[in-house]
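Trainee: Have a look at this one.
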Amino acid sequence: MTTRAVVIGCGHYLPARIVPNAEFAARLDTSNEWIVARSGIERRHFAAEGETTSDMAAAAARMALQDAGLVPDDLDAIILATSTADLTFPAAATMVQDKLGMTGGFAFDVQAVCAGFIFALAQANALIIAGQARRVLVIGAETFSRLMDWDDRTTCVLFGDGAGALVLEAQPGTGTSDDRGILACDLNSDGRHRALLYVDGGVSTGTIGHLRMEGKEVFRHAVEKLAETAMAALDKAGLNPGDIDWIVPHQANIRIIQGTAKKLNLPMDNVVVTVQDHGNTSAASIPLALSVAKARGQLQPGQLIVTEAIGGGLAWGAVALRW
């Protein structure tokens with residue numbers, strides 16, 4: 001018998017403030033048409049003053065727990081993927097643990113920027129397969145609006161805030177690709193490309209800093225590497241692109257999403273797209289998209305989902321799972 005990490009609940013949270021492209025067009029040399037044509041983004045959400053990453057993560061977590069029919073003390077672990085933790089330390093995951101009222105287990109953060117949720121899923125899967133945890137809450141949450149250079153029209157229009165969460169539970173499987181749950185993970189990084197996407201602040205500078213990105217180079221790496229990692233995850237699971245019901249990609253840019261789908265020979269009808277409403281929410285992007293897709297009725301039990309992401313580092317990866 002094989003142990004699988006099966007999704008039994010999901011949830012998300014978006015801040016109340018919706019920021020349409022018109023807000024940027026009013027003060028920058030840009031337009032709604034320019035932003036939509038280059039990114040597909042029409043609006044995004046920004047956190048309120050005083051609203052933190054852990055606040056949003058806890059809200060998404062409560063929805064996921066309710067969806068799973070669980071209470072916080074049913075969990076063994078919390079893994080929070082974020083690059084915008086409330087403080088340098090402690091881990092924002094421990095703050096979520098406290099806000100949920102979870103009195104046992106353990107909690108920690110994972111930092112792999114936009115690929116963070118993929119890395120967190122892989123960690124949760126490993127904990128469950130190893131028998132170290134039976135139920136793991138995996139969250140992606142970001143307040144990227146606090147890292148923006150508001151004079152840089154090429155980056156500040158792309159990002160938004162939000163959170164998404166999944167509850168994974170150990171369940172028996174047959175060891176075949178017909179099992180529900182995570183079937184395979186593929187993780188990668190290459191620090192030679194770290195200057196393509198980074199924040200120019202931190203402990204070494206004594207400042208929060210701003211996000212800096214070489215957009216054309218990131219785009220070039222993204223389409224190639226996302227298709228490759230998706231294929232690698234499928235190969236590990238003994239599957240091929242024709243088996244996919246849904247791609248749930250990192251929601252960074254509609255052109256990257258379209259390019260990756262084309263490389264996998266899959267129509268856009270098989271791709272979950274939320275970038276137009278949320279912008280790039282970094283590590284929150286994939287769990288947000290999964291929760292929204294479930295609410296829409298797009299995801300059905302037994303369907304094969306491939307989810308992939310690339311972010312600063314560069315770090316990238318994919319997970320193949322059966323819903």
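In the structure tokens, chains take the letters A, B, ... in the order shown, each chain's residues start at 1, and ligands count up from 1 in the order shown.
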Just the residues within 12 Å of Leu197 of chain A, please, counting only C-alpha atoms, with nothing from its chain fewer than 4 positions along; format it as a ChimeraX atom specification.

Mentor: /A:112-114,155,191-193,210-219,221-222,310-315

Trainee: From the DSSP assignment of the backbone, select every residue of segment 117-299 of chain A that is helix (DSSP H, G or I), and format the answer as a PyMOL selection string.

Mentor: chain A and resi 117-129+144-147+191-196+215-237+241-243+254-263+268-270+275-278+282-296

Trainee: I want to know what sits within 10 Å of Ala81 of chain A, based on only C-alpha atoms, with residues of the same chain fewer than 3 positions away left out; could you give that as an mmCIF file with N, CA and C atoms, in the first residue's frame?

Mentor:
data_model
loop_
_atom_site.group_PDB
_atom_site.id
_atom_site.type_symbol
_atom_site.label_atom_id
_atom_site.label_comp_id
_atom_site.auth_asym_id
_atom_site.auth_seq_id
_atom_site.Cartn_x
_atom_site.Cartn_y
_atom_site.Cartn_z
ATOM 1 N N ALA A 57 -3.168 34.949 5.316
ATOM 2 C CA ALA A 57 -2.937 33.507 5.344
ATOM 3 C C ALA A 57 -3.908 32.807 6.289
ATOM 4 N N ILE A 78 1.753 23.259 9.604
ATOM 5 C CA ILE A 78 1.436 24.359 8.694
ATOM 6 C C ILE A 78 2.708 24.728 7.954
ATOM 7 N N THR A 84 7.073 37.628 1.761
ATOM 8 C CA THR A 84 6.705 38.887 2.413
ATOM 9 C C THR A 84 6.159 38.617 3.812
ATOM 10 N N ALA A 85 6.919 37.852 4.582
ATOM 11 C CA ALA A 85 6.529 37.567 5.967
ATOM 12 C C ALA A 85 6.403 38.872 6.756
ATOM 13 N N ALA A 92 6.200 33.493 9.673
ATOM 14 C CA ALA A 92 4.792 33.907 9.631
ATOM 15 C C ALA A 92 3.867 32.731 9.867
ATOM 16 N N ALA A 93 4.318 31.523 9.540
ATOM 17 C CA ALA A 93 3.501 30.317 9.768
ATOM 18 C C ALA A 93 3.177 30.145 11.243
ATOM 19 N N PHE A 108 6.224 26.274 9.790
ATOM 20 C CA PHE A 108 7.416 26.930 9.265
ATOM 21 C C PHE A 108 7.124 27.546 7.901
ATOM 22 N N ASP A 109 7.994 28.478 7.500
ATOM 23 C CA ASP A 109 7.865 29.153 6.210
ATOM 24 C C ASP A 109 8.764 28.508 5.169
ATOM 25 N N VAL A 110 8.368 28.665 3.905
ATOM 26 C CA VAL A 110 9.194 28.298 2.755
ATOM 27 C C VAL A 110 9.312 29.541 1.886
ATOM 28 N N GLN A 111 10.523 29.855 1.439
ATOM 29 C CA GLN A 111 10.747 31.051 0.625
ATOM 30 C C GLN A 111 11.379 30.640 -0.695
ATOM 31 N N ALA A 112 10.573 30.597 -1.745
ATOM 32 C CA ALA A 112 11.073 30.363 -3.103
ATOM 33 C C ALA A 112 10.342 31.290 -4.069
ATOM 34 N N VAL A 113 9.960 32.448 -3.573
ATOM 35 C CA VAL A 113 9.292 33.516 -4.318
ATOM 36 C C VAL A 113 8.061 32.936 -5.022
ATOM 37 N N CYS A 114 7.898 33.181 -6.313
ATOM 38 C CA CYS A 114 6.673 32.763 -7.001
ATOM 39 C C CYS A 114 6.527 31.249 -7.085
ATOM 40 N N ALA A 115 7.647 30.525 -6.962
ATOM 41 C CA ALA A 115 7.599 29.060 -6.966
ATOM 42 C C ALA A 115 7.380 28.500 -5.565
ATOM 43 N N GLY A 116 7.215 29.377 -4.579
ATOM 44 C CA GLY A 116 7.157 28.942 -3.189
ATOM 45 C C GLY A 116 6.092 27.914 -2.887
ATOM 46 N N PHE A 117 4.902 28.074 -3.488
ATOM 47 C CA PHE A 117 3.838 27.131 -3.158
ATOM 48 C C PHE A 117 4.145 25.736 -3.692
ATOM 49 N N ILE A 118 4.783 25.647 -4.850
ATOM 50 C CA ILE A 118 5.193 24.342 -5.383
ATOM 51 C C ILE A 118 6.185 23.684 -4.435
ATOM 52 N N PHE A 119 7.155 24.450 -3.957
ATOM 53 C CA PHE A 119 8.143 23.914 -3.020
ATOM 54 C C PHE A 119 7.470 23.504 -1.706
ATOM 55 N N ALA A 120 6.493 24.293 -1.252
ATOM 56 C CA ALA A 120 5.781 23.959 -0.012
ATOM 57 C C ALA A 120 4.954 22.686 -0.175
ATOM 58 N N LEU A 121 4.301 22.532 -1.332
ATOM 59 C CA LEU A 121 3.548 21.299 -1.604
ATOM 60 C C LEU A 121 4.467 20.083 -1.565
ATOM 61 N N VAL A 138 -1.170 23.774 3.800
ATOM 62 C CA VAL A 138 -0.175 24.432 2.950
ATOM 63 C C VAL A 138 -0.787 25.737 2.445
ATOM 64 N N ILE A 139 -0.101 26.836 2.725
ATOM 65 C CA ILE A 139 -0.629 28.170 2.411
ATOM 66 C C ILE A 139 0.374 28.922 1.541
ATOM 67 N N GLY A 140 -0.141 29.715 0.616
ATOM 68 C CA GLY A 140 0.654 30.714 -0.082
ATOM 69 C C GLY A 140 0.038 32.068 0.202
ATOM 70 N N ALA A 141 0.814 33.028 0.669
ATOM 71 C CA ALA A 141 0.269 34.353 1.005
ATOM 72 C C ALA A 141 1.330 35.417 0.757
ATOM 73 N N GLU A 142 0.921 36.545 0.185
ATOM 74 C CA GLU A 142 1.867 37.607 -0.147
ATOM 75 C C GLU A 142 1.232 38.996 -0.040
ATOM 76 N N ALA A 163 -4.101 35.429 -0.636
ATOM 77 C CA ALA A 163 -3.675 34.183 -0.003
ATOM 78 C C ALA A 163 -4.562 33.038 -0.462
ATOM 79 N N ALA A 165 -4.996 28.485 0.263
ATOM 80 C CA ALA A 165 -4.577 27.398 1.144
ATOM 81 C C ALA A 165 -5.196 26.075 0.730
ATOM 82 N N SER A 282 2.419 36.089 -6.582
ATOM 83 C CA SER A 282 3.593 35.306 -6.202
ATOM 84 C C SER A 282 3.182 33.947 -5.627
ATOM 85 N N ALA A 283 3.636 33.605 -4.428
ATOM 86 C CA ALA A 283 3.378 32.274 -3.878
ATOM 87 C C ALA A 283 1.900 32.005 -3.610
ATOM 88 N N ALA A 284 1.077 33.062 -3.562
ATOM 89 C CA ALA A 284 -0.364 32.876 -3.342
ATOM 90 C C ALA A 284 -1.095 32.502 -4.626
#

Trainee: Show which residues sit within 12 Å of Thr176 of chain A, as a ChimeraX atom specification. Count only C-alpha atoms, and ignore same-chain residues fewer than 4 positions away.

Mentor: /A:1-4,172,180-184,236-239,321-322

Trainee: Could you check the closest approach to Thr307 of chain A for each of A:Arg135, A:His250, A:Arg17, A:Arg146 and tell me which residue wins, using only C-alpha atoms?

Mentor: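 Of A:Arg135, A:His250, A:Arg17, A:Arg146, the one nearest Thr307 of chain A is A:His250, counting only C-alpha atoms.
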
Trainee: Give the answer as one residue: which of A:Asp67, A:Asp161, A:Asp76, A:Asp149 has the shortest atom-to-atom distance to His278 of chain A, using only C-alpha atoms?

Mentor: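 Under the stated criterion, the closest residue is A:Asp161.
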